[in-house]
$ cat entry-v5.cif   # mmCIF, C-alpha atoms and all ligand atoms
data_start
loop_
_atom_site.label_atom_id
_atom_site.label_comp_id
_atom_site.auth_asym_id
_atom_site.auth_seq_id
_atom_site.Cartn_x
_atom_site.Cartn_y
_atom_site.Cartn_z
CA MET I 1 16.60 19.92 0.04
CA ILE I 2 16.16 16.60 1.81
CA SER I 3 18.82 14.09 0.80
CA ALA I 4 18.63 10.31 0.63
CA ALA I 5 20.96 10.23 3.65
CA ASP I 6 18.52 12.45 5.61
CA ASN I 7 15.71 10.06 4.70
CA ARG I 8 17.71 7.05 5.85
CA GLN I 9 18.44 8.81 9.15
CA GLN I 10 14.78 9.61 9.60
CA ILE I 11 13.85 5.96 8.97
CA SER I 12 16.49 4.87 11.49
CA ARG I 13 15.03 7.22 14.11
CA TRP I 14 11.54 5.85 13.57
CA LEU I 15 12.86 2.29 13.78
CA ALA I 16 14.74 3.19 16.97
CA GLU I 17 11.44 4.41 18.46
CA LEU I 18 10.11 0.92 17.79
CA GLY I 19 13.24 -0.65 19.30
CA ILE I 20 14.34 -1.99 15.92
CA ASP I 21 17.97 -1.79 14.78
CA SER I 22 18.10 -0.33 11.25
CA GLU I 23 20.69 -3.02 10.42
CA VAL I 24 17.64 -5.21 9.80
CA ILE I 25 16.92 -3.33 6.56
CA ALA I 26 20.49 -2.28 5.69
CA HIS I 27 20.70 -4.81 2.85
CA ARG I 28 17.42 -3.64 1.31
CA THR I 29 17.11 -0.83 -1.22
CA LEU I 30 13.87 0.59 0.07
CA PRO I 31 12.40 3.74 -1.43
CA PHE I 32 11.43 6.67 0.79
CA PHE I 33 7.88 7.97 0.45
CA SER I 34 6.90 11.31 1.92
CA GLU I 35 3.69 11.43 3.88
CA ALA I 36 0.93 13.20 1.94
CA ASP I 37 -0.46 16.29 3.63
CA GLU I 38 -3.51 14.99 5.49
CA LYS I 39 -5.44 18.17 4.66
CA MET I 40 -5.20 17.33 0.95
CA LEU I 41 -6.85 13.92 1.28
CA VAL I 42 -10.41 13.04 0.35
CA THR I 43 -12.45 10.03 1.44
CA ALA I 44 -12.36 7.55 -1.42
CA GLU I 45 -14.54 4.98 0.31
CA THR I 46 -15.95 4.03 3.70
CA ASN I 47 -16.26 0.40 4.74
CA GLY I 48 -19.07 -1.36 6.60
CA GLU I 49 -17.49 -0.49 9.96
CA GLY I 50 -17.37 3.19 9.07
CA LYS I 51 -13.62 3.25 8.47
CA ALA I 52 -12.74 5.91 5.89
CA PHE I 53 -10.11 5.20 3.23
CA ARG I 54 -8.46 8.41 2.11
CA LEU I 55 -6.50 9.26 -1.03
CA LEU I 56 -5.27 12.33 -2.85
CA PRO I 57 -8.10 13.72 -5.01
CA ALA I 58 -6.63 12.63 -8.36
CA ALA I 59 -5.98 9.10 -7.08
CA ALA I 60 -9.50 8.92 -5.62
CA ALA I 61 -11.02 10.05 -8.93
CA ALA I 62 -9.01 7.39 -10.79
CA TRP I 63 -10.11 4.77 -8.24
CA TRP I 64 -13.78 5.70 -8.68
CA GLN I 65 -13.49 5.50 -12.47
CA MET I 66 -11.75 2.14 -12.30
CA GLN I 67 -14.22 0.75 -9.77
CA HIS I 68 -17.12 1.90 -11.95
CA GLN I 69 -15.71 0.27 -15.08
CA ALA I 70 -15.05 -2.94 -13.17
CA ARG I 71 -18.66 -2.99 -11.97
CA VAL I 72 -19.85 -2.51 -15.55
CA ASP I 73 -17.77 -5.57 -16.41
CA GLY I 74 -19.30 -7.56 -13.52
CA ILE I 75 -16.35 -7.22 -11.12
CA GLU I 76 -16.72 -5.76 -7.61
CA LEU I 77 -13.66 -4.03 -6.18
CA TYR I 78 -13.39 -2.49 -2.72
CA LEU I 79 -10.66 -0.88 -0.65
CA VAL I 80 -9.05 -2.49 2.38
CA SER I 81 -6.32 0.14 2.81
CA ALA I 82 -5.40 3.48 1.29
CA TRP I 83 -3.47 6.40 2.84
CA ARG I 84 -1.46 5.59 5.94
CA SER I 85 0.40 8.05 8.12
CA VAL I 86 3.87 7.17 9.37
CA ALA I 87 2.35 6.95 12.87
CA TYR I 88 -0.23 4.42 11.66
CA GLN I 89 2.46 2.38 9.88
CA MET I 90 4.39 2.33 13.16
CA ALA I 91 1.29 1.11 15.00
CA LEU I 92 0.90 -1.73 12.46
CA ILE I 93 4.55 -2.66 13.04
CA ALA I 94 4.07 -2.57 16.82
CA GLU I 95 1.17 -5.06 16.41
CA GLN I 96 3.51 -7.44 14.60
CA GLN I 97 6.10 -7.06 17.36
CA GLN I 98 3.47 -7.81 19.98
CA GLN I 99 2.71 -11.05 18.14
CA GLY I 100 6.38 -11.98 18.53
CA ILE I 101 7.16 -11.81 14.82
CA ALA I 102 10.72 -10.82 13.93
CA PRO I 103 11.31 -7.61 11.92
CA GLU I 104 13.24 -9.62 9.30
CA ILE I 105 9.96 -11.43 8.64
CA PHE I 106 7.32 -8.71 8.92
CA PHE I 107 9.34 -6.22 6.87
CA THR I 108 8.81 -8.51 3.86
CA TYR I 109 5.05 -7.82 3.96
CA LEU I 110 4.89 -4.54 5.88
CA ALA I 111 7.06 -1.61 4.89
CA PRO I 112 9.21 0.16 7.47
CA PRO I 113 7.95 3.65 8.43
CA GLY I 114 8.74 6.08 5.62
CA CYS I 115 9.02 3.24 3.09
CA SER I 116 5.33 2.53 2.55
CA GLU I 117 3.79 3.59 -0.72
CA HIS I 118 0.61 4.05 1.31
CA HIS I 119 2.13 7.25 2.76
CA THR I 120 1.70 8.93 -0.63
CA GLY I 121 -2.10 8.85 -0.69
CA CYS I 122 -1.94 7.18 -4.12
CA ALA I 123 -1.61 3.49 -3.13
CA VAL I 124 -4.50 1.14 -2.47
CA ASP I 125 -4.99 -2.41 -1.24
CA ILE I 126 -7.91 -3.90 -3.12
CA ASN I 127 -10.18 -6.84 -2.44
CA THR I 128 -13.28 -8.37 -3.96
CA PRO I 129 -16.24 -9.95 -2.13
CA GLU I 130 -15.45 -13.48 -3.31
CA CYS I 131 -11.99 -13.37 -1.68
CA ASP I 132 -11.80 -13.87 2.09
CA GLU I 133 -9.66 -11.06 3.52
CA VAL I 134 -7.72 -13.44 5.77
CA SER I 135 -7.49 -16.73 3.89
CA GLY I 136 -8.31 -15.75 0.31
CA VAL I 137 -5.80 -15.59 -2.50
CA PHE I 138 -6.52 -12.34 -4.30
CA GLY I 139 -4.12 -13.22 -7.11
CA ASP I 140 -6.38 -16.13 -8.09
CA THR I 141 -9.57 -14.07 -8.48
CA PRO I 142 -11.29 -12.81 -11.62
CA ALA I 143 -11.00 -9.35 -10.00
CA PHE I 144 -7.21 -9.62 -10.14
CA ARG I 145 -7.30 -10.82 -13.73
CA TRP I 146 -9.50 -7.82 -14.54
CA LEU I 147 -7.00 -5.46 -12.88
CA ARG I 148 -4.09 -7.00 -14.79
CA GLN I 149 -5.92 -6.21 -17.98
CA HIS I 150 -7.46 -2.85 -17.21
CA ALA I 151 -5.84 -1.07 -14.25
CA ALA I 152 -3.07 0.55 -16.31
CA GLY I 153 -5.72 2.37 -18.31
CA PHE I 154 -6.71 4.16 -15.10
CA GLY I 155 -3.11 4.87 -14.06
CA PHE I 156 -2.80 2.04 -11.53
CA VAL I 157 0.33 -0.10 -11.43
CA MET I 158 0.87 -3.26 -9.37
CA SER I 159 3.85 -2.22 -7.27
CA PHE I 160 5.17 -5.54 -5.97
CA ALA I 161 5.39 -8.27 -8.55
CA GLU I 162 6.93 -11.63 -7.76
CA ASN I 163 10.67 -11.37 -7.01
CA ASN I 164 10.54 -7.58 -6.93
CA PRO I 165 13.84 -5.79 -6.29
CA TRP I 166 12.71 -4.29 -2.94
CA GLY I 167 12.40 -7.62 -1.14
CA PHE I 168 8.67 -7.41 -0.56
CA ILE I 169 6.42 -10.41 -1.03
CA TYR I 170 4.24 -10.65 -4.13
CA GLU I 171 1.30 -8.32 -3.42
CA PRO I 172 -1.36 -8.74 -6.12
CA TRP I 173 -3.77 -6.60 -4.04
CA HIS I 174 -1.47 -3.56 -3.82
CA TRP I 175 -1.75 -1.00 -6.64
CA CYS I 176 -0.52 2.56 -6.87
CA TRP I 177 -1.89 5.36 -8.98
CA HIS I 178 0.74 7.30 -10.93
CA ALA I 179 -0.04 10.69 -12.40
CA PRO I 180 0.06 10.61 -16.21
CA LYS I 181 3.34 11.94 -17.55
CA SER I 182 2.73 15.20 -19.35
ZN ZN B 201 -0.55 -2.08 0.27
#

$ encode --input "entry-v5.cif" --output "structure tokens" --more "lines below"
Ligand SMILES: [Zn+2]
Amino acid sequence: MISAADNRQQISRWLAELGIDSEVIAHRTLPFFSEADEKMLVTAETNGEGKAFRLLPAAAAAWWQMQHQARVDGIELYLVSAWRSVAYQMALIAEQQQQGIAPEIFFTYLAPPGCSEHHTGCAVDINTPECDEVSGVFGDTPAFRWLRQHAAGFGFVMSFAENNPWGFIYEPWHWCWHAPKS
């Protein structure tokens, strides 16, 4: 049985590998997400550059259904991120460090290793063609309004609302599929 204390220690070790003192997140109540078994993942979508976005099969099926219904309603949705390994999350963090950004700052928009919902293979970052990936405001798009209305019907929940208790910024593009409760 892996305890919460074990998880915290594991996160601290990963942070230490990045040269980050875990004190930086000590005041945060961050959830721990286990990395999905890579062998279980399926390709949910491939982008124009050939990058594959992988999810657990049930989450991928829900994504496809939701994307299809959106298209029927005149809304285009596409993936910009899906499953991430802990190693990949650490590489994203290292990029932020190389840009000279402080962990106190980047950990408000990028989860520490082990704390990203993307590890589960059920979380997606979504965009729509009318929203520029760098400068666009996804929360202002008709695609976002469509998701607010319809995503729950496909099992997707917006994880990080404004002023969420985990100290992450408002992320209207980040949704996570939750298996229906039986
Ligand atoms: Zn995300």

$ closest_residue --input "entry-v5.cif" --among "I:Tyr109, I:Phe53, I:Trp166, I:Tyr88" --to "ligand ZN 201 (chain B)" --atoms "only C-alpha atoms and all ligand atoms"
I:Tyr109

$ residues_near_ligand --input "entry-v5.cif" --ligand "ligand ZN 201 (chain B)" --cutoff "10 Å" --atoms "all atoms listed in the file" --output "PDB file with C-alpha atoms, keeping the file's coordinate frame"
ATOM      1  CA  VAL I  80      -9.050  -2.490   2.380  1.00  0.00           C
ATOM      2  CA  SER I  81      -6.320   0.140   2.810  1.00  0.00           C
ATOM      3  CA  ALA I  82      -5.400   3.480   1.290  1.00  0.00           C
ATOM      4  CA  TRP I  83      -3.470   6.400   2.840  1.00  0.00           C
ATOM      5  CA  ARG I  84      -1.460   5.590   5.940  1.00  0.00           C
ATOM      6  CA  TYR I 109       5.050  -7.820   3.960  1.00  0.00           C
ATOM      7  CA  LEU I 110       4.890  -4.540   5.880  1.00  0.00           C
ATOM      8  CA  ALA I 111       7.060  -1.610   4.890  1.00  0.00           C
ATOM      9  CA  SER I 116       5.330   2.530   2.550  1.00  0.00           C
ATOM     10  CA  GLU I 117       3.790   3.590  -0.720  1.00  0.00           C
ATOM     11  CA  HIS I 118       0.610   4.050   1.310  1.00  0.00           C
ATOM     12  CA  ALA I 123      -1.610   3.490  -3.130  1.00  0.00           C
ATOM     13  CA  VAL I 124      -4.500   1.140  -2.470  1.00  0.00           C
ATOM     14  CA  ASP I 125      -4.990  -2.410  -1.240  1.00  0.00           C
ATOM     15  CA  ILE I 126      -7.910  -3.900  -3.120  1.00  0.00           C
ATOM     16  CA  MET I 158       0.870  -3.260  -9.370  1.00  0.00           C
ATOM     17  CA  SER I 159       3.850  -2.220  -7.270  1.00  0.00           C
ATOM     18  CA  PHE I 160       5.170  -5.540  -5.970  1.00  0.00           C
ATOM     19  CA  GLU I 171       1.300  -8.320  -3.420  1.00  0.00           C
ATOM     20  CA  PRO I 172      -1.360  -8.740  -6.120  1.00  0.00           C
ATOM     21  CA  TRP I 173      -3.770  -6.600  -4.040  1.00  0.00           C
ATOM     22  CA  HIS I 174      -1.470  -3.560  -3.820  1.00  0.00           C
ATOM     23  CA  TRP I 175      -1.750  -1.000  -6.640  1.00  0.00           C
ATOM     24  CA  CYS I 176      -0.520   2.560  -6.870  1.00  0.00           C
TER      25      CYS I 176
END

$ residues_around --input "entry-v5.cif" --residues "Cys122 of chain I" --least-positions-apart "2" --cutoff "6 Å" --atoms "all atoms listed in the file" --output "PyMOL selection string"
chain I and resi 55+59+120+176-177

$ atom_distance --input "entry-v5.cif" --atom1 "atom CA of Ser3 of chain I" --atom2 "atom CA of Leu92 of chain I"
26.6 Å

$ closest_residue --input "entry-v5.cif" --among "I:Gln96, I:Thr108, I:Gln67, I:Ser12" --to "Leu79 of chain I" --atoms "all atoms listed in the file"
I:Gln67

$ atom_distance --input "entry-v5.cif" --atom1 "atom CA of Glu104 of chain I" --atom2 "atom CA of Val137 of chain I"
23.2 Å

$ residues_around --input "entry-v5.cif" --residues "Cys131 of chain I" --least-positions-apart "5" --cutoff "9 Å" --atoms "only C-alpha atoms" --output "JSON list (two decimals) with C-alpha atoms, in the coordinates of the input"
[["chain", "number", "residue", "atom", "x", "y", "z"],
["I", 136, "GLY", "CA", -8.31, -15.75, 0.31],
["I", 137, "VAL", "CA", -5.80, -15.59, -2.50],
["I", 138, "PHE", "CA", -6.52, -12.34, -4.30],
["I", 140, "ASP", "CA", -6.38, -16.13, -8.09],
["I", 141, "THR", "CA", -9.57, -14.07, -8.48]]

$ closest_residue --input "entry-v5.cif" --among "I:Arg148, I:Arg13, I:His68, I:His178" --to "Gly121 of chain I" --atoms "all atoms listed in the file"
I:His178

$ atom_distance --input "entry-v5.cif" --atom1 "atom CA of Trp14 of chain I" --atom2 "atom CA of Glu35 of chain I"
13.7 Å

$ residues_around --input "entry-v5.cif" --residues "Trp146 of chain I" --least-positions-apart "4" --cutoff "8 Å" --atoms "all atoms listed in the file" --output "list in words"
Ala70, Ile75, Pro142, His150 and Ala151 of chain I

$ closest_residue --input "entry-v5.cif" --among "I:Asp37, I:Glu95, I:Asp6, I:Glu133" --to "Tyr78 of chain I" --atoms "all atoms listed in the file"
I:Glu133

$ closest_residue --input "entry-v5.cif" --among "I:Ala36, I:Leu147, I:Gly50, I:Met1" --to "Trp63 of chain I" --atoms "all atoms listed in the file"
I:Leu147
